[in-house]
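Quick look at start06.txt (compact mmCIF, C-alpha atoms):
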```
# COMPACT_ATOMS: atom_id res chain seq x y z
CA MET E 520 -17.95 -6.48 -24.06
CA LYS E 521 -19.02 -5.32 -27.49
CA LYS E 522 -17.70 -2.11 -28.96
CA ILE E 523 -20.07 0.82 -29.02
CA SER E 524 -20.20 2.79 -32.23
CA MET E 525 -19.32 6.43 -31.63
CA LYS E 526 -18.24 9.12 -34.05
CA LYS E 527 -14.50 9.58 -34.23
CA ILE E 528 -13.01 13.06 -34.59
CA SER E 529 -9.48 14.34 -34.78
CA ARG E 530 -7.84 16.24 -31.95
CA ARG E 531 -7.86 19.39 -34.12
CA GLN E 532 -11.63 19.07 -34.71
CA PHE E 533 -12.14 18.42 -31.04
CA ILE E 534 -10.30 21.56 -30.01
CA HIS E 535 -11.84 23.78 -32.68
CA GLY E 536 -15.32 22.52 -31.88
CA GLY E 537 -14.83 23.37 -28.22
CA ALA E 538 -13.83 26.96 -28.98
CA ALA E 539 -17.39 27.81 -29.96
CA CYS E 540 -18.68 27.26 -26.45
CA ILE E 541 -16.15 29.09 -24.31
CA ALA E 542 -18.44 31.96 -23.46
CA ALA E 543 -21.18 29.71 -22.14
CA ALA E 544 -18.76 27.63 -20.07
CA LEU E 545 -18.02 30.03 -17.21
CA THR E 546 -17.09 28.88 -13.74
CA SER E 547 -18.13 30.21 -10.36
CA GLN E 548 -14.82 31.14 -8.73
CA SER E 549 -16.39 31.64 -5.32
CA ILE E 550 -17.07 27.97 -4.65
CA GLY E 551 -15.27 26.32 -7.55
CA ILE E 552 -18.25 24.93 -9.45
CA PHE E 553 -18.78 24.38 -13.15
CA GLU E 554 -21.55 25.58 -15.41
CA GLY E 555 -21.76 25.47 -19.18
CA ASN E 556 -23.41 23.81 -22.16
CA LEU E 557 -22.90 20.52 -23.94
CA CYS E 558 -19.33 21.30 -24.98
CA GLN E 559 -16.54 19.08 -23.77
CA ALA E 560 -13.73 21.59 -24.15
CA ALA E 561 -13.17 25.15 -23.00
CA THR E 562 -9.97 25.85 -24.92
CA GLY E 563 -7.21 23.88 -26.54
CA GLU E 564 -5.30 24.25 -23.25
CA ASP E 565 -8.16 23.08 -20.99
CA ILE E 566 -10.47 20.26 -22.04
CA ARG E 567 -12.38 20.18 -18.77
CA GLY E 568 -15.88 18.77 -19.14
CA ARG E 569 -19.01 20.90 -18.93
CA ILE E 570 -22.45 20.48 -17.48
CA PHE E 571 -25.13 19.19 -19.85
CA LYS E 572 -27.85 21.82 -19.53
CA GLY E 573 -31.42 20.54 -19.57
CA ASP E 574 -30.26 17.03 -20.41
CA ALA E 575 -31.80 15.05 -17.54
CA PRO E 576 -34.16 12.22 -18.56
CA PRO E 577 -37.92 12.85 -18.38
CA GLN E 578 -38.13 10.63 -15.32
CA LEU E 579 -35.95 8.53 -13.05
CA TRP E 580 -35.55 4.81 -13.66
CA LYS E 581 -35.13 1.86 -11.30
CA TRP E 582 -31.35 2.33 -11.15
CA SER E 583 -31.62 5.82 -9.71
CA CYS E 584 -30.39 6.65 -6.23
CA GLU E 585 -30.39 9.96 -4.39
CA GLY E 586 -26.84 11.29 -4.07
CA PHE E 587 -24.99 10.75 -0.80
CA ARG E 588 -23.02 13.99 -0.87
CA TYR E 589 -24.63 17.12 -2.22
CA LYS E 590 -25.91 20.50 -1.08
CA LYS E 591 -29.24 22.10 -1.93
CA LEU E 592 -29.19 25.72 -3.07
CA SER E 593 -31.89 28.28 -3.70
CA GLY E 594 -34.03 27.99 -6.80
CA GLY E 595 -33.91 24.21 -6.80
CA LYS E 596 -30.19 24.10 -7.66
CA VAL E 597 -27.80 21.55 -6.14
CA VAL E 598 -24.02 21.22 -5.83
CA CYS E 599 -22.51 17.75 -6.03
CA GLY E 600 -19.82 17.15 -3.40
CA ILE E 601 -18.28 13.91 -4.61
CA CYS E 602 -15.43 15.20 -6.80
CA PRO E 603 -13.51 18.45 -7.29
CA ASN E 604 -15.69 19.35 -10.30
CA ARG E 605 -18.38 20.35 -7.77
CA CYS E 606 -21.02 20.51 -10.48
CA ARG E 607 -23.72 23.08 -9.82
CA LEU E 608 -26.89 21.79 -11.43
CA SER E 609 -30.16 23.57 -12.05
CA PRO E 610 -33.29 21.40 -12.24
CA GLY E 611 -33.04 19.27 -15.36
CA ASP E 612 -29.22 19.49 -15.70
CA ARG E 613 -26.81 16.57 -16.03
CA SER E 614 -23.35 16.53 -14.41
CA VAL E 615 -19.95 16.62 -16.10
CA CYS E 616 -19.57 12.88 -15.48
CA ARG E 617 -22.91 12.27 -17.27
CA SER E 618 -24.14 10.04 -14.44
CA ARG E 619 -25.87 12.54 -12.13
CA VAL E 620 -28.91 14.73 -12.63
CA ASN E 621 -30.93 17.32 -10.75
CA MET E 622 -34.53 16.15 -10.63
CA ASP E 623 -36.90 18.53 -8.87
CA GLY E 624 -34.20 19.98 -6.64
CA LYS E 625 -32.59 16.67 -5.66
CA LEU E 626 -29.38 15.10 -6.95
CA TYR E 627 -29.64 11.56 -8.27
CA SER E 628 -27.16 9.01 -9.54
CA LEU E 629 -28.47 7.11 -12.58
CA THR E 630 -26.07 4.16 -12.33
CA TYR E 631 -26.94 2.43 -9.07
CA GLY E 632 -26.91 -1.34 -9.56
CA ASN E 633 -26.63 -0.97 -13.34
CA PRO E 634 -23.07 -1.88 -14.44
CA CYS E 635 -22.20 -1.95 -18.14
CA ALA E 636 -18.98 -3.95 -17.70
CA VAL E 637 -18.57 -6.99 -15.45
CA HIS E 638 -15.63 -9.39 -15.62
CA THR E 639 -13.32 -11.49 -13.47
CA ASP E 640 -9.69 -10.41 -13.84
CA PRO E 641 -6.33 -11.44 -12.42
CA ILE E 642 -5.43 -8.88 -9.81
CA GLU E 643 -2.15 -8.18 -11.62
CA LYS E 644 -4.17 -6.68 -14.48
CA LYS E 645 -5.28 -3.71 -12.36
CA PRO E 646 -2.22 -3.49 -11.95
CA LEU E 647 -1.73 -4.46 -8.31
CA PHE E 648 1.61 -6.21 -7.74
CA HIS E 649 1.75 -5.94 -3.94
CA PHE E 650 -1.76 -7.12 -3.09
CA LYS E 651 -2.65 -10.81 -2.82
CA PRO E 652 -0.79 -11.97 -5.96
CA ARG E 653 -2.43 -14.55 -8.22
CA THR E 654 -5.90 -13.92 -6.80
CA LYS E 655 -8.94 -12.84 -8.77
CA ALA E 656 -10.81 -9.54 -8.75
CA PHE E 657 -14.48 -9.40 -9.65
CA SER E 658 -14.46 -6.19 -11.68
CA LEU E 659 -17.38 -3.93 -12.44
CA ALA E 660 -18.06 -0.51 -13.91
CA THR E 661 -20.91 1.76 -14.87
CA THR E 662 -20.77 4.56 -17.41
CA GLY E 663 -19.25 7.91 -16.61
CA CYS E 664 -16.04 9.79 -15.87
CA ASN E 665 -15.21 13.19 -14.41
CA PHE E 666 -12.24 13.54 -16.81
CA ARG E 667 -12.03 13.91 -20.60
CA CYS E 668 -8.73 12.13 -21.28
CA LEU E 669 -7.70 12.35 -24.93
CA ASN E 670 -6.09 8.92 -24.65
CA CYS E 671 -8.88 7.10 -22.79
CA GLN E 672 -8.80 3.36 -23.41
CA ASN E 673 -12.38 2.77 -22.25
CA TRP E 674 -13.98 5.83 -23.80
CA GLU E 675 -16.96 3.83 -25.11
CA ILE E 676 -18.27 3.62 -21.54
CA SER E 677 -16.43 6.39 -19.68
CA GLN E 678 -17.67 9.06 -22.10
CA ALA E 679 -21.22 7.71 -22.38
CA LYS E 680 -24.49 8.36 -20.57
CA PRO E 681 -26.17 5.40 -18.85
CA HIS E 682 -29.01 5.07 -21.37
CA GLU E 683 -26.58 5.11 -24.31
CA VAL E 684 -25.21 1.68 -23.37
CA ALA E 685 -28.44 0.12 -22.13
CA ALA E 686 -27.93 -2.88 -24.41
CA TYR E 687 -24.71 -3.75 -22.56
CA THR E 688 -25.84 -3.26 -18.97
CA ARG E 689 -27.06 -5.78 -16.45
CA GLU E 690 -28.89 -5.42 -13.18
CA LEU E 691 -26.51 -6.09 -10.30
CA PHE E 692 -27.43 -4.46 -7.02
CA PRO E 693 -24.91 -4.66 -4.14
CA ALA E 694 -26.09 -7.96 -2.69
CA GLU E 695 -26.12 -9.51 -6.16
CA ALA E 696 -22.61 -8.19 -6.84
CA ILE E 697 -21.33 -9.88 -3.67
CA ALA E 698 -23.00 -13.14 -4.65
CA ALA E 699 -21.53 -12.94 -8.15
CA ALA E 700 -18.04 -12.25 -6.79
CA GLN E 701 -18.26 -15.21 -4.44
CA LYS E 702 -19.55 -17.47 -7.21
CA SER E 703 -16.55 -16.50 -9.37
CA ARG E 704 -14.27 -17.36 -6.42
CA ALA E 705 -12.83 -13.88 -6.49
CA GLN E 706 -11.25 -12.65 -3.28
CA SER E 707 -11.92 -9.00 -4.09
CA ILE E 708 -14.21 -6.63 -5.94
CA ALA E 709 -12.53 -4.02 -8.12
CA TYR E 710 -14.41 -0.84 -8.99
CA THR E 711 -12.72 -0.08 -12.27
CA TYR E 712 -12.74 0.35 -16.08
CA SER E 713 -14.53 3.73 -16.25
CA GLU E 714 -14.28 5.99 -13.17
CA PRO E 715 -15.76 4.60 -9.93
CA VAL E 716 -15.85 8.03 -8.29
CA THR E 717 -18.81 8.76 -10.57
CA PHE E 718 -20.77 5.76 -9.22
CA PHE E 719 -19.80 6.49 -5.64
CA GLU E 720 -23.12 5.51 -4.04
CA TYR E 721 -23.20 2.13 -5.77
CA MET E 722 -19.53 1.52 -4.97
CA LEU E 723 -19.84 2.48 -1.30
CA ASP E 724 -22.90 0.36 -0.60
CA THR E 725 -21.34 -2.61 -2.39
CA ALA E 726 -18.04 -2.12 -0.55
CA ARG E 727 -19.75 -2.05 2.84
CA LEU E 728 -21.53 -5.28 2.07
CA ALA E 729 -18.34 -6.83 0.70
CA ARG E 730 -16.50 -5.99 3.92
CA ASP E 731 -19.25 -7.68 5.94
CA ASN E 732 -18.85 -10.80 3.77
CA GLY E 733 -15.05 -11.03 3.86
CA VAL E 734 -14.46 -9.76 0.32
CA TYR E 735 -11.71 -7.20 -0.33
CA ASN E 736 -12.50 -3.84 -1.95
CA LEU E 737 -10.22 -2.30 -4.59
CA LEU E 738 -10.46 1.18 -6.09
CA ILE E 739 -9.02 1.64 -9.61
CA SER E 740 -9.31 5.36 -10.16
CA ASN E 741 -8.03 8.69 -11.44
CA ALA E 742 -8.04 9.78 -7.75
CA TYR E 743 -10.20 12.84 -8.52
CA ILE E 744 -12.37 12.74 -5.41
CA ASN E 745 -13.07 15.10 -2.51
CA ARG E 746 -11.67 14.33 0.91
CA THR E 747 -14.96 13.79 2.80
CA PRO E 748 -16.37 11.04 0.55
CA LEU E 749 -12.88 9.54 0.27
CA LEU E 750 -12.60 9.22 4.05
CA GLU E 751 -15.97 7.50 4.07
CA LEU E 752 -14.77 5.05 1.42
CA CYS E 753 -11.48 4.43 3.23
CA LYS E 754 -13.37 2.76 6.07
CA VAL E 755 -14.08 -0.20 3.76
CA LEU E 756 -11.23 0.10 1.24
CA ASP E 757 -8.44 -2.51 1.20
CA GLY E 758 -6.32 -1.42 -1.76
CA ALA E 759 -6.18 0.92 -4.73
CA THR E 760 -4.50 1.58 -8.04
CA LEU E 761 -4.37 5.33 -8.60
CA ASN E 762 -3.51 7.08 -11.83
CA LEU E 763 -1.00 9.91 -11.62
CA LYS E 764 -1.48 11.04 -15.19
CA SER E 765 1.16 13.75 -15.08
CA PHE E 766 3.12 15.88 -12.66
CA ASP E 767 2.25 19.12 -14.44
CA ASP E 768 -1.05 20.88 -13.89
CA ARG E 769 -0.97 22.27 -17.43
CA ILE E 770 -0.76 18.74 -18.83
CA TYR E 771 -3.65 17.67 -16.62
CA ARG E 772 -5.73 20.49 -18.09
CA LYS E 773 -5.01 19.82 -21.75
CA LEU E 774 -4.64 16.02 -21.72
CA ASN E 775 -7.17 14.98 -19.08
CA GLY E 776 -9.42 17.92 -18.26
CA GLY E 777 -8.55 17.79 -14.57
CA ARG E 778 -6.26 19.33 -11.99
CA LEU E 779 -3.16 17.94 -10.30
CA ASN E 780 -3.53 19.07 -6.68
CA PRO E 781 -6.75 17.17 -5.87
CA VAL E 782 -5.08 13.99 -7.09
CA LEU E 783 -2.05 14.55 -4.87
CA ASN E 784 -4.36 15.21 -1.92
CA THR E 785 -5.99 11.83 -2.51
CA PHE E 786 -2.59 10.13 -2.25
CA LYS E 787 -1.88 11.88 1.04
CA THR E 788 -5.29 10.96 2.43
CA LEU E 789 -4.90 7.26 1.60
CA HIS E 790 -1.40 7.35 3.07
CA ASP E 791 -2.76 8.89 6.29
CA GLN E 792 -5.52 6.25 6.41
CA ASN E 793 -3.03 3.39 5.96
CA VAL E 794 -4.66 2.10 2.77
CA HIS E 795 -2.34 0.20 0.45
CA PHE E 796 -2.18 1.75 -3.01
CA GLU E 797 -0.04 1.65 -6.12
CA LEU E 798 0.62 4.49 -8.54
CA ILE E 799 0.50 4.25 -12.30
CA ASN E 800 1.92 6.76 -14.74
CA LEU E 801 1.10 6.33 -18.42
CA VAL E 802 4.02 7.73 -20.40
CA VAL E 803 2.38 9.53 -23.35
CA PRO E 804 4.85 10.72 -26.03
CA GLY E 805 4.90 14.51 -26.28
CA TYR E 806 2.88 14.95 -23.09
CA THR E 807 4.29 13.08 -20.09
CA ASP E 808 7.67 11.87 -21.32
CA LYS E 809 9.83 14.62 -19.85
CA GLU E 810 12.64 13.54 -17.55
CA ASP E 811 12.45 16.65 -15.36
CA MET E 812 8.78 15.90 -14.74
CA ILE E 813 9.60 12.35 -13.65
CA LYS E 814 12.27 13.64 -11.25
CA ALA E 815 9.84 16.17 -9.77
CA MET E 816 7.18 13.47 -9.40
CA CYS E 817 9.57 11.14 -7.59
CA HIS E 818 10.70 13.96 -5.31
CA TRP E 819 7.10 14.73 -4.34
CA ILE E 820 6.36 11.05 -3.67
CA LEU E 821 9.40 10.67 -1.42
CA GLU E 822 8.71 13.90 0.47
CA ASN E 823 4.98 13.33 1.01
CA ILE E 824 4.17 9.62 1.15
CA GLY E 825 7.53 7.84 1.24
CA PRO E 826 9.40 5.33 -0.93
CA ASP E 827 7.30 2.20 -0.40
CA TYR E 828 4.30 2.74 -2.66
CA PRO E 829 4.83 0.82 -5.92
CA LEU E 830 5.12 2.98 -9.03
CA HIS E 831 4.21 1.59 -12.46
CA PHE E 832 5.34 3.27 -15.69
CA LEU E 833 2.94 2.08 -18.40
CA ARG E 834 3.52 1.99 -22.13
CA PHE E 835 1.14 4.14 -24.17
CA PHE E 836 -0.52 2.79 -27.30
CA PRO E 837 -2.47 4.96 -29.79
CA ARG E 838 -6.02 5.39 -28.51
CA TYR E 839 -9.15 7.48 -28.92
CA LYS E 840 -8.19 11.05 -29.86
CA LEU E 841 -4.45 10.39 -29.71
CA ASP E 842 -4.51 7.62 -32.27
CA ARG E 843 -1.81 9.30 -34.38
CA LEU E 844 0.86 9.21 -31.69
CA PRO E 845 3.46 6.42 -31.64
CA PRO E 846 3.69 3.91 -28.78
CA THR E 847 6.05 4.79 -25.96
CA PRO E 848 9.58 3.53 -26.73
CA VAL E 849 10.46 0.69 -24.36
CA SER E 850 13.84 2.35 -23.81
CA THR E 851 12.05 5.38 -22.33
CA LEU E 852 10.17 3.24 -19.83
CA THR E 853 13.39 1.43 -18.89
CA ARG E 854 15.18 4.74 -18.36
CA TYR E 855 12.39 6.16 -16.19
CA ARG E 856 12.31 3.02 -14.07
CA GLU E 857 16.05 3.29 -13.47
CA LEU E 858 15.71 6.99 -12.74
CA ALA E 859 12.92 6.46 -10.18
CA ILE E 860 14.96 3.76 -8.41
CA GLN E 861 17.97 6.09 -8.34
CA GLN E 862 15.78 8.81 -6.86
CA GLY E 863 14.84 6.45 -4.03
CA ILE E 864 11.50 4.82 -4.95
CA HIS E 865 11.77 1.22 -3.71
CA TYR E 866 9.46 -0.60 -6.10
CA VAL E 867 9.24 0.57 -9.70
CA TYR E 868 7.64 -1.41 -12.53
CA VAL E 869 7.21 -1.30 -16.29
CA GLY E 870 3.78 -2.17 -17.63
CA ASN E 871 2.32 -3.09 -21.03
CA VAL E 872 5.68 -4.61 -22.01
CA ALA E 873 5.91 -8.41 -21.84
CA ARG E 874 8.97 -10.15 -20.37
CA HIS E 875 10.55 -6.91 -19.18
CA GLU E 876 12.75 -6.97 -16.08
CA GLY E 877 10.46 -4.26 -14.74
CA ASN E 878 7.62 -6.79 -14.47
CA ASN E 879 9.37 -8.43 -11.51
CA THR E 880 9.66 -7.54 -7.84
CA TYR E 881 13.12 -7.21 -6.28
CA CYS E 882 13.89 -6.68 -2.60
CA HIS E 883 14.80 -3.03 -2.11
CA ASN E 884 17.39 -4.02 0.48
CA CYS E 885 19.33 -6.99 -0.96
CA ARG E 886 18.07 -6.69 -4.60
CA GLN E 887 17.28 -10.41 -4.78
CA LEU E 888 14.42 -11.51 -7.05
CA LEU E 889 11.27 -11.89 -4.96
CA ILE E 890 8.49 -12.33 -7.52
CA GLU E 891 9.04 -13.27 -11.13
CA ARG E 892 6.08 -12.52 -13.39
CA ARG E 893 5.43 -13.93 -16.84
CA GLY E 894 2.16 -12.38 -17.88
CA TYR E 895 -0.17 -13.39 -15.06
CA MET E 896 1.93 -16.41 -14.07
CA ILE E 897 4.33 -16.40 -11.10
CA PRO E 898 7.03 -19.06 -11.58
CA THR E 899 9.21 -17.65 -8.77
CA TYR E 900 8.02 -16.46 -5.36
CA ASN E 901 10.50 -15.69 -2.59
CA LEU E 902 8.39 -14.04 0.08
CA GLN E 903 7.82 -15.54 3.51
CA LYS E 904 4.54 -13.95 4.50
CA SER E 905 5.51 -10.26 4.10
CA HIS E 906 9.29 -10.64 4.32
CA CYS E 907 12.13 -11.22 1.88
CA ARG E 908 13.27 -14.84 2.10
CA PHE E 909 16.91 -13.82 1.72
CA CYS E 910 17.41 -10.88 4.12
CA GLN E 911 14.11 -10.83 6.07
CA THR E 912 13.35 -7.22 5.06
CA LYS E 913 9.65 -6.43 5.36
CA ILE E 914 8.13 -5.82 1.91
CA PRO E 915 5.24 -3.33 1.81
CA GLY E 916 1.94 -4.70 0.58
CA VAL E 917 -0.88 -7.10 1.40
CA TRP E 918 0.51 -10.61 1.01
CA PRO E 919 -0.82 -14.18 1.28
CA ALA E 920 -0.03 -16.17 4.39
CA SER E 921 2.03 -18.75 2.46
CA PRO E 922 3.99 -18.94 -0.80
CA GLU E 923 1.71 -21.74 -1.95
CA ALA E 924 -1.25 -19.37 -2.00
CA ALA E 925 0.56 -17.12 -4.46
CA LEU E 926 1.87 -19.91 -6.68
CA LYS E 927 -1.30 -21.94 -7.07
CA PRO E 928 -3.41 -21.50 -10.25
CA SER E 929 -5.85 -18.63 -9.95
CA GLU E 930 -8.58 -20.51 -11.83
CA LEU E 931 -9.30 -17.63 -14.14
CA PRO E 932 -12.14 -18.22 -16.58
CA SER E 933 -11.13 -19.07 -20.12
```
What would the structure in this file look like if it were written as structure tokens?
Amino acid sequence: MKKISMKKISRRQFIHGGAACIAAALTSQSIGIFEGNLCQAATGEDIRGRIFKGDAPPQLWKWSCEGFRYKKLSGGKVVCGICPNRCRLSPGDRSVCRSRVNMDGKLYSLTYGNPCAVHTDPIEKKPLFHFKPRTKAFSLATTGCNFRCLNCQNWEISQAKPHEVAAYTRELFPAEAIAAAQKSRAQSIAYTYSEPVTFFEYMLDTARLARDNGVYNLLISNAYINRTPLLELCKVLDGATLNLKSFDDRIYRKLNGGRLNPVLNTFKTLHDQNVHFELINLVVPGYTDKEDMIKAMCHWILENIGPDYPLHFLRFFPRYKLDRLPPTPVSTLTRYRELAIQQGIHYVYVGNVARHEGNNTYCHNCRQLLIERRGYMIPTYNLQKSHCRFCQTKIPGVWPASPEAALKPSELPS
């Protein structure tokens, strides 16, 4: 996918520019909804996104779809019910995620069947280490995100409106997405890259059709979604990679523009619904690299969802508005992995670091090597269905029926 030219500003300019719009960016405390102007930031300590007032297009286009979850209010206003932002939109307003508009008193998504990124990936890239290893995921994304992460790696599409990347989009309605996934010989469809919560209607319809056609559905998300739509999605969801960006609500506010508790609630809901998911934590120097925070995070995981959900510590590289920070030291990632294992998490990984011991899977009972990973290759595989070959301990995850299925080439496109 080609890079989209967008103006680059420093973090200081970003924060100072947001200060001018604080007064217009008030929230309704009674029902937790956002209203404001075009600003992205409220203060330097809270970069939560704001509604784009009067920014809806003159008319809907063919990729518009009426929202599945919203409430009509008096005066033609609507409240979106998909994510905790709960955007309250007057006629002509655009949502925080940039993908939803109020047109004549109805809420519409502008990204239905109109992805701007489509690719076939190895499933390990998501990363998903305990779900059908060495298979392929047909991956798609539209524009939009309900966060404003300063370190976003896909900001060209996540922080864009649908019409701003029209040159990079393709028409791919749900039935066409299923056909494309099958043609690529992918076993799953991953809703990924930007934030799939913002294209919920497109994702849900595609996922339902995928389930009917024997294709797995994978959610790669910041987990910022309300319980009711999440439960609806869980009916057709097979696996997920969920981003736990921090274990401090203050960091969520100033680094991501979100809140911690809704994310934790998503984990508990998926746990209750028996959906396999894996957690990723990007270790950002100066923000999320505090040992006490890691200990608190591990404690919450063990107390609320148990020790069996894989946890990935990912290495940060300078990106977007944090391009002046250094990469995460590998020694920090190694230390946090060891700490999480000591705390009681069974499967802890290190990501974005090649040939690290933390790329591999070890049995939590006998500590024997189960899966050796070299990039996206698996030279060693010691699972028998879902059990350790050495001690017969059941390993959590969604595994192939035979070792040969995991070891065979995944036929990824060159």
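Closest approach to Phe648 in chain E among E:Ile770, E:Ala759, E:Val782, E:Leu852 is made by E:Ala759 (distances from all atoms listed in the file).
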Could you please determine the separation between CA of Asn823 in chain E and CA of Leu647 in chain E in Å, to one decimal place? 21.2 Å
What is the CA of Gly894 in chain E-CA of His795 in chain E distance in Å, reported with one decimal? 22.7 Å
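Taking CA of Arg908 in chain E and CA of Glu643 in chain E as the two end points, the separation is 21.7 Å.
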Mind checking which residues fall within 10 Å of Leu669 in chain E, counting only C-alpha atoms, ignoring those fewer than 5 positions away in the same chain, and posting them as a list of chain:residue names? E:Arg530, E:Phe533, E:Ile566, E:Trp674, E:Lys773, E:Leu774, E:Asn775, E:Gly776, E:Arg838, E:Tyr839, E:Lys840, E:Leu841, E:Asp842
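Omitting range 614-622 of chain E and its sequence neighbours fewer than 2 positions away, and counting all atoms listed in the file, the residues within 6 Å are Gly568, Arg569, Ile570, Ala575, Pro610, Gly611, Asp612, Gly624, Lys625, Leu626, Tyr627, Ser628, Leu629, Gly663, Cys664, Asn665 and Lys680 of chain E.
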Using all atoms listed in the file, give me every residue within 12 Å of (-20.1, 7.2, -23.1) in file coordinates, as a ChimeraX atom specification. /E:522-526,615-618,635,661-667,671-685,687,713-714
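Take the candidates E:Lys809, E:Arg727, E:Lys644, E:Arg746 and check each one against Arg854 in chain E using only C-alpha atoms; the shortest distance goes to E:Lys809.
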For a quick check of understanding, using only C-alpha atoms, which of E:Pro837, E:Pro845, E:Gly863, E:Gly825 has the smallest distance to Pro915 in chain E? E:Gly825
Set the distance at 12 Å and use only C-alpha atoms: which residues neighbour Asp811 in chain E once local chain neighbours fewer than 6 positions away are removed? I'd like the list as number ranges by chain. E: 765-767, 817-818, 855, 858-859
Select, from E:Gly870, E:Pro846, E:Gly877, E:Pro652, the residue with the minimum atom-to-atom distance to Gly916 in chain E, counting all atoms listed in the file. E:Pro652
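Among the candidates E:Thr630, E:Ser658, E:Asn879, E:Ser707, the residue lying nearest to Tyr866 in chain E is E:Asn879 (atoms considered: all atoms listed in the file).
Counting all atoms listed in the file and comparing E:Thr688, E:Asn901, E:Thr639, E:Gln701, the residue that lies closest to Leu888 in chain E is E:Asn901.
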So that I can see what lies close to Asn884 in chain E, please list as number ranges by chain the residues with an atom at most 10 Å from it, counting only C-alpha atoms and leaving out residues fewer than 6 positions away in the same chain. E: 865, 907, 909-914
Please list as a PDB file with C-alpha atoms, keeping the file's coordinate frame every residue within 8 Å of Phe832 in chain E, counting only C-alpha atoms and excluding residues in the same chain fewer than 3 positions away.
```pdb
ATOM      1  CA  ILE E 799       0.500   4.250 -12.300  1.00  0.00           C
ATOM      2  CA  ASN E 800       1.920   6.760 -14.740  1.00  0.00           C
ATOM      3  CA  LEU E 801       1.100   6.330 -18.420  1.00  0.00           C
ATOM      4  CA  VAL E 802       4.020   7.730 -20.400  1.00  0.00           C
ATOM      5  CA  LEU E 852      10.170   3.240 -19.830  1.00  0.00           C
ATOM      6  CA  TYR E 855      12.390   6.160 -16.190  1.00  0.00           C
ATOM      7  CA  ARG E 856      12.310   3.020 -14.070  1.00  0.00           C
ATOM      8  CA  VAL E 867       9.240   0.570  -9.700  1.00  0.00           C
ATOM      9  CA  TYR E 868       7.640  -1.410 -12.530  1.00  0.00           C
ATOM     10  CA  VAL E 869       7.210  -1.300 -16.290  1.00  0.00           C
ATOM     11  CA  GLY E 870       3.780  -2.170 -17.630  1.00  0.00           C
TER      12      GLY E 870
END
```
